[in-house]
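query.cif (mmCIF, C-alpha atoms)
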data_upload
#
loop_
_atom_site.label_atom_id
_atom_site.label_comp_id
_atom_site.auth_asym_id
_atom_site.auth_seq_id
_atom_site.Cartn_x
_atom_site.Cartn_y
_atom_site.Cartn_z
CA MET M 1 115.54 98.62 95.38
CA LYS M 2 113.57 98.00 92.22
CA PHE M 3 110.08 99.48 92.05
CA LYS M 4 107.53 96.70 92.37
CA TRP M 5 103.78 96.77 91.72
CA TRP M 6 102.95 96.61 95.38
CA HIS M 7 104.98 99.73 96.16
CA GLY M 8 102.47 101.55 93.97
CA ALA M 9 99.55 99.83 95.68
CA LEU M 10 100.86 100.71 99.15
CA THR M 11 101.36 104.32 98.00
CA LEU M 12 97.72 104.34 96.86
CA ALA M 13 96.61 103.13 100.30
CA LEU M 14 98.66 105.87 102.02
CA PHE M 15 97.23 108.41 99.56
CA LEU M 16 93.73 107.37 100.64
CA ALA M 17 94.76 107.99 104.26
CA ILE M 18 95.75 111.54 103.26
CA LEU M 19 92.24 112.03 101.83
CA SER M 20 90.63 110.90 105.11
CA PRO M 21 89.79 114.42 106.41
CA LEU M 22 87.44 114.75 103.40
CA ALA M 23 85.33 111.81 104.59
CA SER M 24 81.69 112.38 105.51
CA SER M 25 81.21 112.73 109.26
CA SER M 26 77.53 111.75 109.10
CA PRO M 27 76.53 108.67 111.12
CA ASP M 28 77.05 105.40 109.27
CA GLY M 29 74.27 102.94 108.43
CA LEU M 30 74.15 101.17 111.78
CA GLU M 31 74.47 104.45 113.74
CA ARG M 32 71.65 105.95 111.66
CA VAL M 33 69.39 102.98 112.42
CA ALA M 34 70.36 103.13 116.12
CA GLU M 35 69.48 106.84 116.27
CA ASP M 36 66.21 106.47 114.36
CA LYS M 37 65.07 103.43 116.33
CA GLY M 38 66.15 104.83 119.68
CA PHE M 39 68.85 102.42 120.85
CA ILE M 40 71.97 104.54 120.25
CA GLU M 41 72.08 105.22 124.02
CA THR M 42 72.74 101.54 124.74
CA ALA M 43 76.24 101.82 123.22
CA LEU M 44 79.00 101.57 125.81
CA ASP M 45 82.28 103.48 125.74
CA ALA M 46 85.47 101.54 125.12
CA PRO M 47 87.28 100.56 128.34
CA TYR M 48 90.44 102.33 127.12
CA GLU M 49 91.46 104.64 124.29
CA ILE M 50 94.56 104.67 122.08
CA ILE M 51 93.61 106.53 118.88
CA PRO M 52 89.85 106.99 119.36
CA ASP M 53 87.68 107.97 116.37
CA TYR M 54 90.67 107.85 114.00
CA VAL M 55 92.04 111.10 115.43
CA MET M 56 95.63 111.02 116.72
CA PRO M 57 95.57 112.42 120.25
CA GLY M 58 97.74 115.43 121.07
CA VAL M 59 97.65 116.90 117.55
CA VAL M 60 96.05 120.34 117.36
CA SER M 61 94.81 120.22 113.77
CA GLU M 62 92.04 117.64 113.44
CA ALA M 63 92.79 117.17 109.74
CA VAL M 64 96.45 116.40 110.46
CA ALA M 65 95.46 114.16 113.39
CA THR M 66 93.12 112.20 111.10
CA ILE M 67 95.75 111.82 108.38
CA LEU M 68 98.31 110.63 110.95
CA ALA M 69 95.84 108.10 112.36
CA GLY M 70 95.16 106.85 108.82
CA ILE M 71 98.84 106.49 107.94
CA VAL M 72 99.67 104.78 111.24
CA GLY M 73 96.75 102.37 110.82
CA ALA M 74 97.55 101.59 107.18
CA LEU M 75 101.22 100.90 108.04
CA ILE M 76 100.27 98.69 111.01
CA LEU M 77 97.93 96.70 108.75
CA PHE M 78 100.49 96.40 105.97
CA GLY M 79 102.93 94.99 108.52
CA ILE M 80 100.42 92.56 110.01
CA GLY M 81 99.09 91.42 106.62
CA TYR M 82 102.57 90.98 105.16
CA GLY M 83 103.86 89.21 108.27
CA LEU M 84 100.86 86.89 108.46
CA ALA M 85 101.16 85.98 104.78
CA ARG M 86 104.87 85.18 105.28
CA LEU M 87 103.96 82.80 108.10
CA LEU M 88 101.44 81.11 105.79
CA LYS M 89 103.91 80.91 102.91
CA ALA M 90 104.11 77.81 100.79
CA LYS M 91 106.99 75.48 101.62
CA GLY M 92 109.86 75.62 99.19
CA GLU M 93 109.08 79.11 97.89
CA ALA M 94 111.84 81.61 98.28
CA MET J 95 78.46 98.62 110.50
CA HIS J 96 80.89 98.22 113.43
CA ILE J 97 78.81 97.14 116.42
CA PRO J 98 79.83 98.93 119.64
CA ASP J 99 79.66 97.17 122.99
CA GLY J 100 76.17 97.39 124.46
CA PHE J 101 74.31 96.80 121.17
CA VAL J 102 74.58 93.02 121.47
CA SER J 103 73.81 90.95 124.57
CA THR J 104 76.49 88.95 126.37
CA PRO J 105 75.27 85.59 124.92
CA VAL J 106 75.22 86.98 121.35
CA ALA J 107 78.68 88.53 121.80
CA ALA J 108 79.99 85.24 123.26
CA VAL J 109 78.57 83.12 120.43
CA GLY J 110 80.03 85.62 117.95
CA CYS J 111 83.48 85.27 119.53
CA VAL J 112 83.35 81.47 119.56
CA VAL J 113 82.15 81.21 115.95
CA ALA J 114 84.69 83.80 114.78
CA ALA J 115 87.55 82.05 116.62
CA GLY J 116 86.60 78.70 115.07
CA CYS J 117 86.44 80.18 111.57
CA ILE J 118 89.75 82.02 112.01
CA ALA J 119 91.42 78.79 113.17
CA TYR J 120 90.06 76.98 110.11
CA ALA J 121 91.07 79.89 107.84
CA VAL J 122 94.66 79.61 109.11
CA LYS J 123 94.59 75.88 108.39
CA ALA J 124 93.03 76.37 104.94
CA THR J 125 95.56 79.00 103.85
CA ASN J 126 98.67 77.67 105.63
CA LYS J 127 101.53 76.75 103.27
CA LYS J 128 99.44 77.96 100.31
CA MET J 129 100.60 81.56 100.10
CA GLY J 130 102.63 82.14 96.96
CA GLU J 131 105.47 84.62 96.74
CA ARG J 132 103.33 87.27 94.99
CA GLN J 133 100.51 86.91 97.50
CA ILE J 134 102.64 88.00 100.47
CA PRO J 135 102.86 91.69 99.56
CA LEU J 136 99.30 91.51 98.15
CA MET J 137 97.94 90.51 101.55
CA GLY J 138 99.80 93.37 103.26
CA VAL J 139 98.73 95.91 100.68
CA LEU J 140 95.09 94.75 100.78
CA ALA J 141 94.96 95.04 104.57
CA ALA J 142 96.41 98.57 104.41
CA PHE J 143 94.14 99.57 101.50
CA ILE J 144 90.98 98.26 103.17
CA PHE J 145 91.83 100.05 106.42
CA ALA J 146 92.44 103.38 104.66
CA ALA J 147 89.40 103.00 102.38
CA GLN J 148 87.19 102.24 105.38
CA MET J 149 88.08 105.68 106.78
CA LEU J 150 86.58 107.36 103.72
CA ASN J 151 82.91 107.58 104.59
CA PHE J 152 80.85 108.65 101.58
CA PRO J 153 77.50 110.40 102.05
CA ILE J 154 74.31 108.62 101.09
CA ALA J 155 70.73 109.89 101.40
CA GLY J 156 69.31 111.42 104.57
CA GLY J 157 72.37 112.64 106.49
CA THR J 158 73.83 109.14 106.60
CA SER J 159 77.21 107.89 105.43
CA GLY J 160 78.66 104.56 104.49
CA HIS J 161 82.11 103.18 103.88
CA LEU J 162 83.71 100.26 102.13
CA ILE J 163 83.87 96.95 103.97
CA GLY J 164 86.33 95.43 101.50
CA ALA J 165 85.73 91.76 102.26
CA THR J 166 84.53 91.01 98.72
CA LEU J 167 87.60 92.62 97.20
CA ALA J 168 89.90 90.61 99.49
CA ALA J 169 88.00 87.36 98.84
CA ILE J 170 88.08 87.83 95.04
CA LEU J 171 91.82 88.52 95.02
CA LEU J 172 92.98 85.98 97.62
CA GLY J 173 90.09 83.56 98.21
CA PRO J 174 87.43 83.59 100.93
CA TRP J 175 89.57 82.11 103.74
CA ALA J 176 92.37 84.60 103.21
CA GLY J 177 89.62 87.22 103.04
CA VAL J 178 88.48 86.16 106.51
CA LEU J 179 92.05 86.57 107.79
CA ILE J 180 92.54 90.01 106.20
CA MET J 181 89.22 91.27 107.57
CA THR J 182 90.09 89.86 111.01
CA CYS J 183 93.34 91.87 110.96
CA VAL J 184 91.54 95.06 109.87
CA LEU J 185 88.64 94.71 112.33
CA GLY J 186 90.99 93.67 115.14
CA VAL J 187 93.23 96.73 114.72
CA GLN J 188 90.20 99.03 114.35
CA CYS J 189 88.79 97.63 117.59
CA LEU J 190 92.01 97.42 119.65
CA VAL J 191 93.81 100.57 118.48
CA PHE J 192 91.10 102.89 117.13
CA GLN J 193 88.18 101.98 119.44
CA ASP J 194 85.91 101.37 116.42
CA GLY J 195 83.66 98.41 117.17
CA GLY J 196 83.28 97.02 120.66
CA LEU J 197 85.84 94.80 122.36
CA PHE J 198 83.23 92.16 123.25
CA ALA J 199 81.38 92.70 119.98
CA LEU J 200 84.56 91.97 117.98
CA GLY J 201 83.48 88.38 117.31
CA ALA J 202 80.12 89.52 115.96
CA ASN J 203 81.81 92.17 113.81
CA ILE J 204 84.27 89.62 112.42
CA PHE J 205 81.36 87.29 111.73
CA ASN J 206 79.33 89.92 109.83
CA MET J 207 81.99 91.88 107.96
CA GLY J 208 84.70 89.22 107.80
CA ILE J 209 83.14 85.80 107.43
CA VAL J 210 79.65 86.44 106.00
CA ALA J 211 80.82 89.25 103.70
CA SER J 212 83.86 87.31 102.39
CA PHE J 213 81.93 84.18 101.51
CA ILE J 214 78.85 85.90 100.06
CA GLY J 215 81.14 88.18 98.05
CA TYR J 216 83.31 85.32 96.82
CA TYR J 217 80.52 83.03 95.65
CA VAL J 218 78.35 85.74 94.08
CA TYR J 219 81.46 86.90 92.19
CA ARG J 220 82.23 83.39 91.00
CA GLY J 221 78.64 82.93 89.84
CA GLY J 222 78.45 86.33 88.17
CA ALA J 223 81.82 86.04 86.44
CA SER J 224 81.06 82.55 85.09
CA LEU J 225 77.76 83.78 83.57
CA PHE J 226 79.88 86.03 81.36
CA GLY J 227 82.33 83.27 80.50
CA GLY J 228 85.06 84.81 82.67
CA ARG J 229 85.42 87.86 80.42
CA ARG J 230 86.34 91.29 81.72
CA PRO J 231 82.83 92.86 81.87
CA GLY J 232 81.62 89.80 83.77
CA LYS J 233 84.39 90.16 86.31
CA LEU J 234 83.58 93.83 86.88
CA VAL J 235 79.78 93.43 86.96
CA GLY J 236 80.07 90.22 88.99
CA GLY J 237 82.47 91.91 91.43
CA GLY J 238 80.18 94.91 91.87
CA LEU J 239 77.11 92.74 92.37
CA ALA J 240 79.02 90.51 94.79
CA ALA J 241 80.16 93.51 96.83
CA TRP J 242 76.60 94.88 97.02
CA SER J 243 75.27 91.46 98.10
CA SER J 244 77.96 91.09 100.75
CA VAL J 245 76.99 94.38 102.41
CA LEU J 246 73.29 93.52 102.28
CA ILE J 247 73.69 90.04 103.79
CA ALA J 248 76.13 91.34 106.45
CA SER J 249 73.53 93.95 107.45
CA ILE J 250 70.90 91.19 107.73
CA ALA J 251 73.25 89.22 110.02
CA CYS J 252 73.78 92.38 112.10
CA ALA J 253 70.00 92.97 112.32
CA PHE J 254 69.47 89.42 113.58
CA GLU J 255 72.15 89.91 116.25
CA LEU J 256 70.47 93.13 117.42
CA GLY J 257 67.07 91.42 117.39
CA VAL J 258 68.18 88.31 119.26
CA SER J 259 69.96 90.53 121.79
CA GLY J 260 66.66 92.25 122.53
CA THR J 261 68.18 95.67 121.71
CA VAL J 262 65.53 96.40 119.10
CA PRO J 263 62.76 94.15 117.71
CA LEU J 264 63.89 92.19 114.65
CA GLY J 265 60.85 93.46 112.72
CA VAL J 266 62.17 96.99 113.23
CA ALA J 267 65.89 96.33 112.82
CA LEU J 268 65.69 94.19 109.68
CA PRO J 269 63.90 96.58 107.27
CA ALA J 270 65.87 99.57 108.62
CA MET J 271 69.27 97.87 108.26
CA VAL J 272 68.48 96.39 104.84
CA GLY J 273 67.09 99.71 103.58
CA VAL J 274 70.13 101.81 104.46
CA HIS J 275 72.68 99.14 103.50
CA ALA J 276 71.07 98.55 100.10
CA LEU J 277 72.22 102.13 99.40
CA ILE J 278 75.64 101.83 101.09
CA GLY J 279 76.19 98.60 99.14
CA ILE J 280 76.02 100.55 95.86
CA GLY J 281 79.15 102.40 97.01
CA GLU J 282 80.79 99.09 97.93
CA GLY J 283 79.91 97.72 94.49
CA LEU J 284 81.28 100.73 92.59
CA ILE J 285 84.54 100.85 94.60
CA THR J 286 85.06 97.08 94.29
CA ALA J 287 84.47 97.16 90.51
CA ALA J 288 86.80 100.17 90.15
CA VAL J 289 89.62 98.46 92.06
CA LEU J 290 89.10 95.22 90.11
CA GLY J 291 89.27 97.27 86.90
CA LEU J 292 92.55 98.79 88.07
CA VAL J 293 93.96 95.35 88.93
CA LEU J 294 92.82 93.92 85.57
CA ALA J 295 94.43 96.82 83.72
CA THR J 296 97.76 96.62 85.55
CA ARG J 297 98.25 93.16 87.10
CA ALA J 298 95.56 90.88 85.66
CA ASP J 299 97.63 87.86 86.77
CA LEU J 300 96.84 88.67 90.41
CA LEU J 301 93.21 87.74 89.74
CA GLU J 302 94.26 84.28 88.61
CA LEU J 303 96.47 83.51 91.62
CA GLN J 304 94.02 81.78 93.89
CA LYS J 305 92.72 79.44 91.20
CA ALA J 306 96.11 77.75 91.01
#

Go ahead and render the structure in this file as structure tokens.
Amino acid sequence: MKFKWWHGALTLALFLAILSPLASSSPDGLERVAEDKGFIETALDAPYEIIPDYVMPGVVSEAVATILAGIVGALILFGIGYGLARLLKAKGEA
Amino acid sequence: MHIPDGFVSTPVAAVGCVVAAGCIAYAVKATNKKMGERQIPLMGVLAAFIFAAQMLNFPIAGGTSGHLIGATLAAILLGPWAGVLIMTCVLGVQCLVFQDGGLFALGANIFNMGIVASFIGYYVYRGGASLFGGRRPGKLVGGGLAAWSSVLIASIACAFELGVSGTVPLGVALPAMVGVHALIGIGEGLITAAVLGLVLATRADLLELQKA
């Protein structure tokens, strides 16, 4: 298969997933406001969990679990985005 | 800025879901049969890139972090309606698979980070880029400014939802959300401009696709 531009772009996305353990674990903007203004306690837990907090369950190393979650998520989204775009494809285009 | 369940009241969550569903239906109609051959992998790659980039929280002042939203980038490259669809995919998977953002708050999250952010980002970019006569610096500066604006306006929408829900008074939520997201938006602006620069340097034609 010939190397196409989007192979490079997808590789870049997967590379970012590998960097994910380096991300800041500080609360994000909304969480910070919720903590400061005293309504963080009103948050409800999700009714079920698959890969909560971007950490693959059952993996001992948290860094590896985070990378796996990132790669799985990026591949799922590539598939969904690509598939959706195909469904929306212009008539008559190959 | 992913709202968990509990932060927004049932009526606000319900209105968010109805508005989001209506916009998604229109976005499908607006983009249907318009995707060109080169846009198919672009849409997949953008969804994957935005998901991965959203995992990379960067620190800002005061023990707080922020991460890319990505709606402006998607809207610039594929148009605002396709941007809505890409952000819906990203936010939907984050909610359903990764438990980031509440199940009932998904509509509100799609409204803020998908719909509001895509359209603000797209039109600020168009305005900014045209001021520079469509030249490269204008595209980069316009893209950065658009990305910053999109985060700021999305945070205002989020503050209103919290205020109307009665979770926190609007007078408290609004300045707090705007203050912290004015800083996070700088990160969004820099990342968006950097990616646009990369696209312009390697596949400038991708930026012209959605004008055709």

Counting all atoms listed in the file, which of J:Ala276, J:Val139, J:Ala241, J:Met129 gets nearest to Trp5 of chain M?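 Of the candidates, the smallest distance to Trp5 of chain M is held by J:Val139.
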
Cut-off 12 Å around (76.0, 103.0, 117.4) with only C-alpha atoms: residues as a PyMOL selection string: (chain M and resi 27-45) or (chain J and resi 95-102+194-196+199+256+261)

Just need the residues of chain J within 7 Å of chain M, counting all atoms listed in the file, so spit them out as a PyMOL selection string. chain J and resi 95+98-101+125-131+134-139+141-143+145-147+149-153+157-160+180+184+191-194+196+261+270-271+274-275

As AutoDock Vina command-line options, what would the box around segment 284-299 of chain J look like: edges along x, y and z, 4 Å added on every side, centre and edge lengths in Å to one decimal?
--center_x 89.8 --center_y 94.4 --center_z 89.2 --size_x 25.0 --size_y 21.0 --size_z 18.9

Between atom CA of Ala124 of chain J and atom CA of Ala176 of chain J, distance in Å (one decimal):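 Atom-to-atom, atom CA of Ala124 of chain J to atom CA of Ala176 of chain J, that is 8.4 Å.
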
Gap from atom CA of Cys252 of chain J to atom CA of Ala288 of chain J - Å, one decimal: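 Distance between the two atoms: 26.7 Å.
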
Starting from the PyMOL selection byres ((chain J and resi 200-215) around 7), expand the selection into actual residues of this file and give them as a ChimeraX atom specification. /J:96-97,107,110-111,114,163,165-166,169,174,177-178,181-182,185,195-199,216-219,240-241,243-245,248,251-252

Just the number, please: distance in Å from atom CA of Leu300 of chain J to atom CA of Leu171 of chain J, one decimal.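 Straight-line distance from atom CA of Leu300 of chain J to atom CA of Leu171 of chain J works out to 6.8 Å.
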
For the point (81.1, 100.1, 96.8) in file coordinates, what residues are within 7 Å, counting all atoms listed in the file? Give the answer as a JSON list (two decimals) with C-alpha atoms, in the coordinates of the input?
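Saved to out-v6.json:
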[["chain", "number", "residue", "atom", "x", "y", "z"],
["J", 162, "LEU", "CA", 83.71, 100.26, 102.13],
["J", 241, "ALA", "CA", 80.16, 93.51, 96.83],
["J", 242, "TRP", "CA", 76.60, 94.88, 97.02],
["J", 279, "GLY", "CA", 76.19, 98.60, 99.14],
["J", 280, "ILE", "CA", 76.02, 100.55, 95.86],
["J", 281, "GLY", "CA", 79.15, 102.40, 97.01],
["J", 282, "GLU", "CA", 80.79, 99.09, 97.93],
["J", 283, "GLY", "CA", 79.91, 97.72, 94.49],
["J", 284, "LEU", "CA", 81.28, 100.73, 92.59],
["J", 285, "ILE", "CA", 84.54, 100.85, 94.60],
["J", 286, "THR", "CA", 85.06, 97.08, 94.29]]

I'd like the contact shell of Leu301 of chain J - 10 Å cut-off, only C-alpha atoms, skipping same-chain residues fewer than 6 positions apart - returned as a list of chain:residue names. J:Ile170, J:Leu171, J:Leu172, J:Gly173, J:Lys233, J:Leu290, J:Val293, J:Leu294
